[in-house]
file upload33.cif (mmCIF, C-alpha atoms and all ligand atoms)
data_coords
#
loop_
_atom_site.label_atom_id
_atom_site.label_comp_id
_atom_site.auth_asym_id
_atom_site.auth_seq_id
_atom_site.Cartn_x
_atom_site.Cartn_y
_atom_site.Cartn_z
CA MET A 1 -8.35 -34.80 -10.01
CA HIS A 2 -8.45 -32.41 -7.06
CA ASP A 3 -9.89 -33.19 -3.66
CA LEU A 4 -12.44 -30.37 -3.47
CA GLN A 5 -13.02 -31.11 0.21
CA ASP A 6 -9.41 -30.13 0.75
CA SER A 7 -9.21 -26.50 1.90
CA PHE A 8 -6.02 -25.85 -0.05
CA TRP A 9 -7.70 -26.72 -3.36
CA GLN A 10 -10.89 -24.93 -2.38
CA THR A 11 -8.85 -21.78 -1.90
CA ILE A 12 -6.78 -22.14 -5.06
CA LEU A 13 -9.73 -22.94 -7.30
CA GLY A 14 -12.40 -20.84 -5.58
CA ARG A 15 -10.73 -17.42 -5.53
CA ARG A 16 -12.13 -15.02 -8.13
CA SER A 17 -11.44 -11.37 -8.83
CA ILE A 18 -14.20 -9.44 -7.08
CA ARG A 19 -15.08 -5.92 -8.17
CA ARG A 20 -18.19 -5.24 -6.06
CA TYR A 21 -17.98 -5.09 -2.28
CA ARG A 22 -20.28 -4.62 0.66
CA PRO A 23 -19.46 -1.42 2.57
CA GLU A 24 -18.69 -3.04 5.97
CA PRO A 25 -15.12 -2.40 7.15
CA VAL A 26 -12.51 -5.15 7.37
CA PRO A 27 -11.04 -5.51 10.88
CA ARG A 28 -7.40 -4.50 11.19
CA GLU A 29 -6.39 -7.94 12.55
CA VAL A 30 -7.80 -9.58 9.41
CA ILE A 31 -5.81 -7.19 7.20
CA GLU A 32 -2.71 -8.01 9.26
CA ARG A 33 -3.26 -11.73 8.69
CA LEU A 34 -3.41 -11.11 4.94
CA LEU A 35 -0.20 -9.10 5.09
CA THR A 36 1.43 -11.90 7.09
CA ALA A 37 0.56 -14.29 4.26
CA ALA A 38 2.06 -11.74 1.86
CA ILE A 39 5.41 -11.43 3.62
CA TRP A 40 5.83 -15.21 3.79
CA ALA A 41 6.07 -15.39 0.01
CA PRO A 42 9.47 -16.26 -1.44
CA SER A 43 11.58 -13.33 -2.62
CA ALA A 44 14.78 -12.90 -4.59
CA HIS A 45 17.79 -13.37 -2.24
CA ASN A 46 15.14 -13.19 0.52
CA ARG A 47 15.50 -9.40 0.33
CA GLN A 48 11.74 -8.89 0.72
CA PRO A 49 11.61 -5.84 -1.55
CA TRP A 50 7.87 -5.46 -1.05
CA ARG A 51 6.21 -2.60 0.80
CA PHE A 52 2.47 -2.23 1.41
CA VAL A 53 0.33 0.84 1.91
CA VAL A 54 -3.03 0.09 3.52
CA VAL A 55 -5.61 2.72 2.61
CA THR A 56 -8.94 2.60 4.44
CA GLN A 57 -9.78 6.30 4.78
CA PRO A 58 -12.14 7.67 2.09
CA ASP A 59 -9.94 10.76 1.63
CA GLY A 60 -6.88 8.62 0.98
CA LYS A 61 -8.70 6.42 -1.55
CA ARG A 62 -10.10 9.48 -3.33
CA ALA A 63 -6.71 11.24 -3.43
CA LEU A 64 -5.07 8.15 -4.92
CA ALA A 65 -7.85 7.56 -7.45
CA GLU A 66 -7.93 11.20 -8.55
CA ALA A 67 -4.16 11.50 -8.89
CA MET A 68 -3.93 8.41 -11.10
CA ALA A 69 -7.02 9.45 -13.06
CA ARG A 70 -5.47 12.83 -13.91
CA ARG A 71 -2.53 11.08 -15.52
CA TRP A 72 -4.72 8.50 -17.28
CA ARG A 73 -7.04 11.21 -18.60
CA ALA A 74 -4.06 13.14 -20.00
CA ASP A 75 -2.64 9.98 -21.62
CA MET A 76 -5.99 9.14 -23.23
CA MET A 77 -6.41 12.72 -24.51
CA LYS A 78 -2.94 12.53 -26.01
CA ALA A 79 -3.97 9.27 -27.69
CA GLY A 80 -6.95 11.14 -29.20
CA LEU A 81 -9.80 9.26 -27.49
CA ASP A 82 -13.30 10.71 -27.48
CA GLU A 83 -13.87 12.98 -24.46
CA GLU A 84 -17.09 11.31 -23.34
CA GLU A 85 -15.46 7.90 -23.58
CA ILE A 86 -12.52 9.17 -21.51
CA GLU A 87 -14.83 10.50 -18.79
CA ASN A 88 -16.77 7.22 -18.67
CA ARG A 89 -13.61 5.19 -18.31
CA VAL A 90 -12.15 7.52 -15.69
CA GLN A 91 -15.41 7.49 -13.69
CA ARG A 92 -15.56 3.70 -13.72
CA SER A 93 -11.94 3.31 -12.74
CA GLN A 94 -12.22 5.87 -9.91
CA GLN A 95 -15.26 4.10 -8.51
CA ARG A 96 -13.31 0.83 -8.52
CA LEU A 97 -10.82 2.46 -6.19
CA THR A 98 -13.15 4.41 -3.91
CA ASP A 99 -15.90 1.82 -3.32
CA PRO A 100 -13.86 -1.03 -1.75
CA PRO A 101 -13.38 -0.76 2.03
CA VAL A 102 -9.64 -1.45 1.78
CA LEU A 103 -6.92 -0.79 -0.76
CA VAL A 104 -3.51 -2.38 -0.39
CA VAL A 105 -1.02 -0.61 -2.61
CA GLY A 106 1.82 -3.00 -3.43
CA CYS A 107 5.16 -1.23 -3.84
CA ILE A 108 8.72 -2.31 -4.40
CA THR A 109 11.89 -0.78 -3.03
CA MET A 110 15.26 -1.43 -4.64
CA GLN A 111 17.07 -0.37 -1.46
CA ASP A 112 18.04 -3.90 -0.32
CA MET A 113 18.36 -5.43 -3.78
CA ASP A 114 21.79 -5.82 -5.40
CA ASP A 115 23.06 -2.58 -6.86
CA HIS A 116 24.43 -3.17 -10.37
CA SER A 117 26.16 -0.58 -12.49
CA ASP A 118 25.52 -2.84 -15.49
CA GLU A 119 22.19 -1.78 -16.98
CA LYS A 120 21.08 -5.28 -17.96
CA LEU A 121 21.85 -6.72 -14.52
CA ALA A 122 20.10 -3.79 -12.84
CA GLU A 123 17.04 -4.47 -14.99
CA ARG A 124 17.03 -8.16 -13.94
CA GLU A 125 17.24 -7.09 -10.30
CA TYR A 126 14.24 -4.80 -10.85
CA ILE A 127 12.30 -7.63 -12.48
CA MET A 128 13.13 -9.92 -9.55
CA ALA A 129 11.79 -7.28 -7.16
CA THR A 130 8.51 -7.04 -9.08
CA GLN A 131 8.28 -10.83 -9.31
CA SER A 132 8.74 -11.04 -5.54
CA LEU A 133 5.99 -8.46 -4.99
CA ALA A 134 3.65 -10.37 -7.33
CA LEU A 135 4.14 -13.55 -5.27
CA ALA A 136 3.42 -11.60 -2.09
CA LEU A 137 0.24 -10.09 -3.53
CA GLY A 138 -0.82 -13.52 -4.81
CA ASN A 139 -0.49 -14.90 -1.28
CA LEU A 140 -2.45 -11.93 0.02
CA MET A 141 -5.30 -12.54 -2.44
CA LEU A 142 -5.49 -16.24 -1.58
CA ALA A 143 -5.45 -15.44 2.14
CA ALA A 144 -8.23 -12.90 1.53
CA TYR A 145 -10.37 -15.56 -0.10
CA HIS A 146 -9.59 -17.96 2.75
CA GLU A 147 -10.93 -15.29 5.16
CA GLY A 148 -14.13 -14.90 3.12
CA LEU A 149 -12.99 -11.63 1.53
CA GLY A 150 -12.96 -10.71 -2.12
CA SER A 151 -10.02 -9.08 -3.83
CA CYS A 152 -8.96 -7.75 -7.21
CA TRP A 153 -5.61 -6.70 -8.66
CA ILE A 154 -5.75 -3.23 -10.23
CA CYS A 155 -2.79 -2.33 -12.41
CA ALA A 156 -3.36 1.46 -12.54
CA PRO A 157 -0.30 2.43 -10.41
CA LEU A 158 1.97 0.84 -12.98
CA PHE A 159 0.82 3.53 -15.41
CA ALA A 160 0.97 6.40 -12.91
CA PRO A 161 3.61 5.45 -10.31
CA GLU A 162 4.76 9.02 -9.57
CA GLU A 163 1.18 10.25 -9.17
CA ALA A 164 0.40 7.35 -6.83
CA ARG A 165 3.59 7.92 -4.81
CA MET A 166 2.82 11.62 -4.38
CA ALA A 167 -0.83 11.04 -3.47
CA LEU A 168 0.22 8.57 -0.77
CA ASN A 169 3.16 10.68 0.49
CA LEU A 170 5.56 7.80 0.01
CA ALA A 171 9.32 7.85 0.43
CA ASP A 172 11.28 8.27 -2.82
CA ASP A 173 12.27 4.62 -3.00
CA TRP A 174 8.74 3.17 -2.63
CA GLN A 175 7.57 2.42 -6.16
CA PRO A 176 3.84 1.66 -6.42
CA GLN A 177 3.13 -1.27 -8.75
CA ALA A 178 -0.44 -2.39 -8.12
CA VAL A 179 -3.48 -1.91 -5.95
CA ILE A 180 -5.28 -4.85 -4.40
CA THR A 181 -8.88 -3.97 -3.57
CA LEU A 182 -10.34 -5.85 -0.61
CA GLY A 183 -13.71 -6.24 1.04
CA TRP A 184 -16.61 -8.52 1.73
CA PRO A 185 -17.83 -9.65 -1.70
CA ASP A 186 -21.10 -8.40 -3.16
CA GLU A 187 -21.02 -10.48 -6.32
CA GLU A 188 -20.23 -13.97 -7.52
CA ARG A 189 -17.87 -14.36 -10.43
CA LYS A 190 -16.85 -17.11 -12.78
CA SER A 191 -13.61 -17.41 -14.67
CA GLU A 192 -12.08 -19.70 -17.26
CA ARG A 193 -8.65 -21.15 -17.75
CA LYS A 194 -6.94 -22.44 -20.86
CA PRO A 195 -6.58 -26.21 -20.75
CA LEU A 196 -3.42 -27.37 -19.02
CA GLU A 197 -2.06 -29.03 -22.16
CA GLU A 198 -2.15 -25.69 -23.99
CA VAL A 199 0.22 -24.03 -21.58
CA ILE A 200 2.70 -26.80 -20.79
CA LEU A 201 5.65 -28.18 -22.64
CA TRP A 202 6.87 -31.43 -21.09
CA GLU A 203 10.48 -32.16 -21.98
C1 LIG A 301 -1.07 -8.26 -13.34
C2 LIG A 301 -2.57 -8.18 -13.27
C3 LIG A 301 -3.22 -7.01 -13.61
C4 LIG A 301 -4.62 -6.91 -13.50
N1 LIG A 301 -5.21 -5.70 -13.71
C5 LIG A 301 -6.54 -5.57 -13.51
C6 LIG A 301 -7.16 -4.28 -13.57
O1 LIG A 301 -6.50 -3.25 -13.76
N2 LIG A 301 -8.50 -4.22 -13.39
C7 LIG A 301 -9.26 -5.33 -13.13
O2 LIG A 301 -10.48 -5.20 -12.97
N3 LIG A 301 -8.70 -6.57 -13.03
C8 LIG A 301 -7.36 -6.71 -13.20
N4 LIG A 301 -6.76 -7.95 -13.04
C9 LIG A 301 -7.59 -9.13 -12.71
C10 LIG A 301 -7.72 -10.07 -13.90
O3 LIG A 301 -8.60 -9.51 -14.84
C11 LIG A 301 -8.24 -11.45 -13.40
O4 LIG A 301 -7.31 -12.00 -12.51
C12 LIG A 301 -8.47 -12.41 -14.56
O5 LIG A 301 -9.50 -11.96 -15.40
C13 LIG A 301 -8.82 -13.83 -14.10
O6 LIG A 301 -9.97 -13.82 -13.28
P1 LIG A 301 -9.96 -14.43 -11.79
O7 LIG A 301 -8.93 -13.64 -11.00
O8 LIG A 301 -11.34 -14.24 -11.26
O9 LIG A 301 -9.58 -15.88 -11.88
C14 LIG A 301 -5.37 -8.05 -13.13
C15 LIG A 301 -4.70 -9.24 -12.78
C16 LIG A 301 -3.33 -9.29 -12.82
C17 LIG A 301 -2.63 -10.56 -12.36
#
call {"tool": "encode", "arguments": {"input": "upload33.cif", "output": "structure tokens", "more": "lines below"}}
Ligand SMILES: Cc1cc2nc3c(=O)[nH]c(=O)nc-3n(C[C@H](O)[C@H](O)[C@H](O)COP(=O)(O)O)c2cc1C
result
Amino acid sequence: MHDLQDSFWQTILGRRSIRRYRPEPVPREVIERLLTAAIWAPSAHNRQPWRFVVVTQPDGKRALAEAMARRWRADMMKAGLDEEEIENRVQRSQQRLTDPPVLVVGCITMQDMDDHSDEKLAEREYIMATQSLALALGNLMLAAYHEGLGSCWICAPLFAPEEARMALNLADDWQPQAVITLGWPDEERKSERKPLEEVILWE
């Protein structure tokens, strides 16, 4: 069905979410190539509402991980989870953010999007901004795989956007949505997909 010799299909089908990385750094020019792939994604009205924070310094990664963990820990305590379980989860999640050589924090800004006084229209505009960012980050992850790098989408900033924004010293309008971890892979992963016919309605 697919020509697996074809590099496009190799990239599309071969990319997996990688959660273990080798410690070697990723050269800046490689990161810039990934970000170039990101900004060539389509975006609503071509407003390019995406912004990217590249975090490579250990202090920066730790500050981000700790800030988000504080919020997560508080939320889990409020939900009545067992303290040991909370600490285990927080530890694991912090390690996922401090081990990878590079974090790319994907943010949106609404500054150049249409400004609607109508709440429903404003919400659609916000959704279009996040959809645009998701396409950009998808491009970035595919480009990473094409370069031999592993990547994984981490949704934590969505649950602690203010904490992430403060930890990264971002301008008020930069809204963190996701972290993409990047690095040279130190694991092989498999993944499954639902069969095509289960997810399509032909009309
Ligand atoms: C919106 C979104 C949120 C995700 N959040 C996380 C996350 O917080 N932690 C994580 O380890 N993986 C996360 N993932 C990765 C998914 O688990 C992964 O893409 C899925 O299991 C399919 O595996 P594959 O990417 O290897 O094909 C997320 C992916 C997406 C698109």
call {"tool": "closest_atom_pairs", "arguments": {"input": "upload33.cif", "of": "chain A", "to": "ligand LIG 301 (chain A)", "cutoff": "7 Å", "atoms": "only C-alpha atoms and all ligand atoms", "output": "Markdown table"}}
result
| residue | atom | partner | partner_atom | distance |
| --- | --- | --- | --- | --- |
| A:Arg15 | CA | A:LIG301 | O8 | 6.6 |
| A:Arg16 | CA | A:LIG301 | O8 | 3.3 |
| A:Ser17 | CA | A:LIG301 | O8 | 3.8 |
| A:Ile18 | CA | A:LIG301 | O8 | 7.0 |
| A:Arg19 | CA | A:LIG301 | O2 | 6.7 |
| A:Cys152 | CA | A:LIG301 | C9 | 5.8 |
| A:Trp153 | CA | A:LIG301 | C14 | 4.7 |
| A:Ile154 | CA | A:LIG301 | O1 | 3.6 |
| A:Cys155 | CA | A:LIG301 | O1 | 4.1 |
| A:Ala156 | CA | A:LIG301 | O1 | 5.8 |
| A:Arg189 | CA | A:LIG301 | O8 | 6.6 |
| A:Lys190 | CA | A:LIG301 | O8 | 6.4 |
| A:Ser191 | CA | A:LIG301 | O9 | 5.1 |
call {"tool": "closest_residue", "arguments": {"input": "upload33.cif", "among": "A:Ala44, A:Ala171, A:Ala144, A:Leu13", "to": "Glu32 of chain A", "atoms": "only C-alpha atoms"}}
result
A:Ala144
call {"tool": "atom_distance", "arguments": {"input": "upload33.cif", "atom1": "atom CA of Gly148 of chain A", "atom2": "atom CA of Trp184 of chain A"}}
result
7.0 Å
call {"tool": "closest_residue", "arguments": {"input": "upload33.cif", "among": "A:Pro195, A:Ala143, A:Ala167, A:Leu201", "to": "Ala37 of chain A", "atoms": "only C-alpha atoms"}}
result
A:Ala143
call {"tool": "residues_around", "arguments": {"input": "upload33.cif", "residues": "Thr130 of chain A", "least_positions_apart": "2", "cutoff": "10 Å", "atoms": "only C-alpha atoms", "output": "MDAnalysis selection string"}}
result
chainID A and resid 43:44 49:50 106:110 124:128 132:136 175 177
call {"tool": "atom_distance", "arguments": {"input": "upload33.cif", "atom1": "atom CA of Ser93 of chain A", "atom2": "atom CA of His146 of chain A"}}
result
26.4 Å
call {"tool": "atom_distance", "arguments": {"input": "upload33.cif", "atom1": "atom CA of Lys194 of chain A", "atom2": "atom CA of Val105 of chain A"}}
result
29.1 Å
call {"tool": "closest_atom_pairs", "arguments": {"input": "upload33.cif", "of": "segment 134-184 of chain A", "to": "segment 71-83 of chain A", "cutoff": "9 Å", "atoms": "all atoms listed in the file", "output": "CSV"}}
result
residue,atom,partner,partner_atom,distance
A:Ala156,CA,A:Trp72,CA,8.6
A:Phe159,CA,A:Trp72,CA,7.7
A:Ala160,CA,A:Arg71,CA,6.4
A:Glu163,CA,A:Arg71,CA,7.4
call {"tool": "residues_around", "arguments": {"input": "upload33.cif", "residues": "Gln91 of chain A", "least_positions_apart": "3", "cutoff": "12 Å", "atoms": "all atoms listed in the file", "output": "number ranges by chain"}}
result
A: 62, 65-66, 68-70, 72-73, 84-88, 94-99
call {"tool": "closest_residue", "arguments": {"input": "upload33.cif", "among": "A:Val55, A:Leu121, A:Ala164, A:Leu4", "to": "Thr181 of chain A", "atoms": "all atoms listed in the file"}}
result
A:Val55
call {"tool": "closest_residue", "arguments": {"input": "upload33.cif", "among": "A:Ile39, A:Leu142, A:Leu158, A:Val54", "to": "Val102 of chain A", "atoms": "all atoms listed in the file"}}
result
A:Val54
call {"tool": "closest_residue", "arguments": {"input": "upload33.cif", "among": "A:Met113, A:Val199, A:Leu64, A:Ala122", "to": "Met166 of chain A", "atoms": "only C-alpha atoms"}}
result
A:Leu64
call {"tool": "closest_residue", "arguments": {"input": "upload33.cif", "among": "A:Gly14, A:Leu103, A:Arg33, A:Tyr21", "to": "Glu192 of chain A", "atoms": "all atoms listed in the file"}}
result
A:Gly14
call {"tool": "decode", "arguments": {"input": "upload33.cif", "residues": "segment 144-166 of chain A", "atoms": "N, CA, C and O atoms", "output": "PDB file, in the first residue's frame"}}
result
ATOM      1  N   ALA A 144      12.040  16.100  13.263  1.00  0.00           N
ATOM      2  CA  ALA A 144      12.980  15.533  14.243  1.00  0.00           C
ATOM      3  C   ALA A 144      13.292  14.089  13.864  1.00  0.00           C
ATOM      4  O   ALA A 144      14.464  13.678  13.833  1.00  0.00           O
ATOM      5  N   TYR A 145      12.267  13.337  13.553  1.00  0.00           N
ATOM      6  CA  TYR A 145      12.488  11.932  13.191  1.00  0.00           C
ATOM      7  C   TYR A 145      13.333  11.834  11.912  1.00  0.00           C
ATOM      8  O   TYR A 145      14.250  11.003  11.822  1.00  0.00           O
ATOM      9  N   HIS A 146      13.048  12.699  10.968  1.00  0.00           N
ATOM     10  CA  HIS A 146      13.813  12.742   9.720  1.00  0.00           C
ATOM     11  C   HIS A 146      15.298  13.006   9.987  1.00  0.00           C
ATOM     12  O   HIS A 146      16.172  12.523   9.269  1.00  0.00           O
ATOM     13  N   GLU A 147      15.591  13.758  11.048  1.00  0.00           N
ATOM     14  CA  GLU A 147      16.989  14.084  11.416  1.00  0.00           C
ATOM     15  C   GLU A 147      17.608  13.012  12.300  1.00  0.00           C
ATOM     16  O   GLU A 147      18.727  13.175  12.770  1.00  0.00           O
ATOM     17  N   GLY A 148      16.841  11.949  12.609  1.00  0.00           N
ATOM     18  CA  GLY A 148      17.368  10.895  13.478  1.00  0.00           C
ATOM     19  C   GLY A 148      17.110  11.136  14.956  1.00  0.00           C
ATOM     20  O   GLY A 148      17.622  10.413  15.820  1.00  0.00           O
ATOM     21  N   LEU A 149      16.341  12.184  15.257  1.00  0.00           N
ATOM     22  CA  LEU A 149      16.042  12.518  16.656  1.00  0.00           C
ATOM     23  C   LEU A 149      14.732  11.882  17.097  1.00  0.00           C
ATOM     24  O   LEU A 149      13.856  11.611  16.271  1.00  0.00           O
ATOM     25  N   GLY A 150      14.611  11.689  18.400  1.00  0.00           N
ATOM     26  CA  GLY A 150      13.336  11.263  18.956  1.00  0.00           C
ATOM     27  C   GLY A 150      12.622  12.474  19.526  1.00  0.00           C
ATOM     28  O   GLY A 150      13.240  13.498  19.832  1.00  0.00           O
ATOM     29  N   SER A 151      11.314  12.347  19.682  1.00  0.00           N
ATOM     30  CA  SER A 151      10.539  13.442  20.265  1.00  0.00           C
ATOM     31  C   SER A 151       9.320  12.879  20.970  1.00  0.00           C
ATOM     32  O   SER A 151       8.899  11.754  20.691  1.00  0.00           O
ATOM     33  N   CYS A 152       8.781  13.666  21.883  1.00  0.00           N
ATOM     34  CA  CYS A 152       7.510  13.281  22.516  1.00  0.00           C
ATOM     35  C   CYS A 152       6.749  14.538  22.931  1.00  0.00           C
ATOM     36  O   CYS A 152       7.338  15.503  23.411  1.00  0.00           O
ATOM     37  N   TRP A 153       5.468  14.518  22.703  1.00  0.00           N
ATOM     38  CA  TRP A 153       4.574  15.619  23.102  1.00  0.00           C
ATOM     39  C   TRP A 153       4.224  15.417  24.570  1.00  0.00           C
ATOM     40  O   TRP A 153       3.764  14.334  24.957  1.00  0.00           O
ATOM     41  N   ILE A 154       4.439  16.435  25.385  1.00  0.00           N
ATOM     42  CA  ILE A 154       4.060  16.375  26.805  1.00  0.00           C
ATOM     43  C   ILE A 154       3.015  17.466  27.059  1.00  0.00           C
ATOM     44  O   ILE A 154       3.263  18.645  26.757  1.00  0.00           O
ATOM     45  N   CYS A 155       1.880  17.066  27.588  1.00  0.00           N
ATOM     46  CA  CYS A 155       0.760  18.012  27.670  1.00  0.00           C
ATOM     47  C   CYS A 155       0.758  18.839  28.960  1.00  0.00           C
ATOM     48  O   CYS A 155      -0.109  19.703  29.134  1.00  0.00           O
ATOM     49  N   ALA A 156       1.722  18.634  29.846  1.00  0.00           N
ATOM     50  CA  ALA A 156       1.699  19.265  31.176  1.00  0.00           C
ATOM     51  C   ALA A 156       1.410  20.782  31.168  1.00  0.00           C
ATOM     52  O   ALA A 156       0.634  21.251  32.013  1.00  0.00           O
ATOM     53  N   PRO A 157       1.980  21.574  30.241  1.00  0.00           N
ATOM     54  CA  PRO A 157       1.725  23.020  30.301  1.00  0.00           C
ATOM     55  C   PRO A 157       0.258  23.398  30.152  1.00  0.00           C
ATOM     56  O   PRO A 157      -0.169  24.454  30.617  1.00  0.00           O
ATOM     57  N   LEU A 158      -0.499  22.531  29.507  1.00  0.00           N
ATOM     58  CA  LEU A 158      -1.926  22.805  29.350  1.00  0.00           C
ATOM     59  C   LEU A 158      -2.616  22.857  30.708  1.00  0.00           C
ATOM     60  O   LEU A 158      -3.609  23.549  30.888  1.00  0.00           O
ATOM     61  N   PHE A 159      -2.058  22.113  31.679  1.00  0.00           N
ATOM     62  CA  PHE A 159      -2.659  22.044  33.010  1.00  0.00           C
ATOM     63  C   PHE A 159      -2.023  23.032  33.979  1.00  0.00           C
ATOM     64  O   PHE A 159      -2.524  23.202  35.086  1.00  0.00           O
ATOM     65  N   ALA A 160      -0.930  23.668  33.556  1.00  0.00           N
ATOM     66  CA  ALA A 160      -0.267  24.642  34.434  1.00  0.00           C
ATOM     67  C   ALA A 160       0.330  25.764  33.577  1.00  0.00           C
ATOM     68  O   ALA A 160       1.517  26.061  33.671  1.00  0.00           O
ATOM     69  N   PRO A 161      -0.516  26.420  32.740  1.00  0.00           N
ATOM     70  CA  PRO A 161       0.033  27.406  31.805  1.00  0.00           C
ATOM     71  C   PRO A 161       0.674  28.601  32.498  1.00  0.00           C
ATOM     72  O   PRO A 161       1.724  29.083  32.072  1.00  0.00           O
ATOM     73  N   GLU A 162       0.040  29.089  33.577  1.00  0.00           N
ATOM     74  CA  GLU A 162       0.577  30.264  34.287  1.00  0.00           C
ATOM     75  C   GLU A 162       1.933  29.941  34.906  1.00  0.00           C
ATOM     76  O   GLU A 162       2.879  30.726  34.831  1.00  0.00           O
ATOM     77  N   GLU A 163       2.004  28.744  35.524  1.00  0.00           N
ATOM     78  CA  GLU A 163       3.250  28.312  36.178  1.00  0.00           C
ATOM     79  C   GLU A 163       4.363  28.200  35.138  1.00  0.00           C
ATOM     80  O   GLU A 163       5.495  28.612  35.368  1.00  0.00           O
ATOM     81  N   ALA A 164       4.019  27.638  33.968  1.00  0.00           N
ATOM     82  CA  ALA A 164       5.016  27.478  32.904  1.00  0.00           C
ATOM     83  C   ALA A 164       5.455  28.848  32.387  1.00  0.00           C
ATOM     84  O   ALA A 164       6.648  29.097  32.185  1.00  0.00           O
ATOM     85  N   ARG A 165       4.491  29.751  32.214  1.00  0.00           N
ATOM     86  CA  ARG A 165       4.804  31.086  31.693  1.00  0.00           C
ATOM     87  C   ARG A 165       5.738  31.836  32.649  1.00  0.00           C
ATOM     88  O   ARG A 165       6.702  32.468  32.240  1.00  0.00           O
ATOM     89  N   MET A 166       5.442  31.728  33.948  1.00  0.00           N
ATOM     90  CA  MET A 166       6.273  32.410  34.948  1.00  0.00           C
ATOM     91  C   MET A 166       7.675  31.798  34.995  1.00  0.00           C
ATOM     92  O   MET A 166       8.672  32.507  35.044  1.00  0.00           O
TER      93      MET A 166
END
